[in-house]
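A short write-up of the structure that comes next.
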Amino acid sequence: MNKEILMVVDAVSNEKGVDKEIIFTALEAALASATRKRHGEGIDVRVAINRKSGDYDTWRRWKVFADDSTELENPDSELRLDDAAEINKDAQVGDYVEVPMESVAFGRIAAQTAKQVILQRVREAERDKLYEDYSDRQEEILTGTVQSVSAQSVTVGLGRTEAVLPRKEMVPGERFRPYDKIRVYVVEVKKTSRGPQIVVSRNHKNMLKRLLELEVPEIYSGAVEIKSIAREAGQRSKVAVAATHEGVDPVGACVGVRGVRIQSIVRELNDEKIDVIEWSPDPATFIAKALSPARVSNVFLDEDPQEGKIALVVVPDDQLSLAIGREGQNARLAAKLTGWRIDIKS
């Protein structure tokens, strides 16, 4: 029984938190590499370690090609079918034929090849595990620590890895310093040779959605549903909500007693104004509410095949500027929220 191999596997698995099978595979590759160094780099070697005893066996192998094949490039690891049949009469093109060979001693390579291969496989396994962990958390909110700030982006530490907050994904006017604690929304997780590349955002409209889910139990439980969100990060947002259970006030649930719930989100988003509106299945009613805080007199709907959905909204003279909003912001957000093009007339 080769206890030394089992001790190495246990020690690395416990230290790095990596599955033992990955380490066994790495050791097999290391032993195969050491065998090639002794008997010739051109040969192909397979090593199999017994997972219970630690004992291992070694085989030299050749890939089988057709008799008329012109693809043979390495006679040390490739055979034509006729020659392969002398080793294994059942061999087929594309198979491997093997013969046992002397195994190298584990102790001679423990400090060199095995260590290098194990560390490489462990790093690969750690990167893969990180990618799997964070790819499952895409479209979620994470809390991190600002590590560095540059003109193009902010690097956010997430514990075991880092995320990038590009300047274009930040809320206008925000300023961060190293060691600041911030919440970010995971936009994308890419797999790279250096580990997962995580891109996060603070101006994405779904950041507001996730914050509402965290802050409002009725949304998390499903008693209140978010129907749509229109957001101009750092300035103003509109959220349309509807109750799925009778007796639930969807707007009141989101705002909270004395506005405590919505104010918590406002502070998180750098004092961004948030209008919470009750959704209505009737488009005219929904559009009128979406233009809040302005009062609406009438809404006339026109669904034109060429022009699309157009709503003509009539408001009292003293409500016109309020309905349009500064630089058209209120009307613009209402249009995004409802999906209708809105024309406002006094």
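How things are named: the first chain in the structure tokens is A, the next is B, and so on; residues count from 1 in each chain; ligands count from 1 in the order shown.
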
Can you pull out the residues contacting stretch 133-141 of chain A? Cut-off 6 Å, using only C-alpha atoms, and skip same-chain residues under 3 positions away; I want them as a ChimeraX atom specification. /A:130,184-187,189

Could you produce a table of the residues of stretch 24-63 of chain A lying within 6 Å of stretch 77-81 of chain A, with the nearest pair of atoms per residue and their separation in Å rounded to one decimal, using only C-alpha atoms, ordered by chain and increasing residue number, as CSV?
residue,atom,partner,partner_atom,distance
A:Ile43,CA,A:Ser77,CA,5.2
A:Asp44,CA,A:Ser77,CA,5.4
A:Trp62,CA,A:Ser77,CA,4.4
A:Lys63,CA,A:Glu78,CA,4.8

Of the residues A:Gly247, A:Ile265, A:Arg175, A:Leu337, which is the one nearest to A:Pro283, using only C-alpha atoms?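 Looking only at the distances to A:Pro283, the closest residue turns out to be A:Leu337.
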
Measuring atom to atom with only C-alpha atoms, identify which of A:Ala253, A:Met101, A:Leu31, A:Val146 is nearest to A:Tyr220.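 For A:Tyr220, the nearest of the given residues is A:Ala253.
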
All alpha helix (DSSP H) positions in stretch 3-186 of chain A, as a PyMOL selection string: chain A and resi 3-16+20-39+81-85+106-109+113-135

Please compute the atom CA of A:Asn14-atom CA of A:Glu162 distance, one decimal, in Å.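 Rounded to one decimal, the two atoms are 23.8 Å apart.
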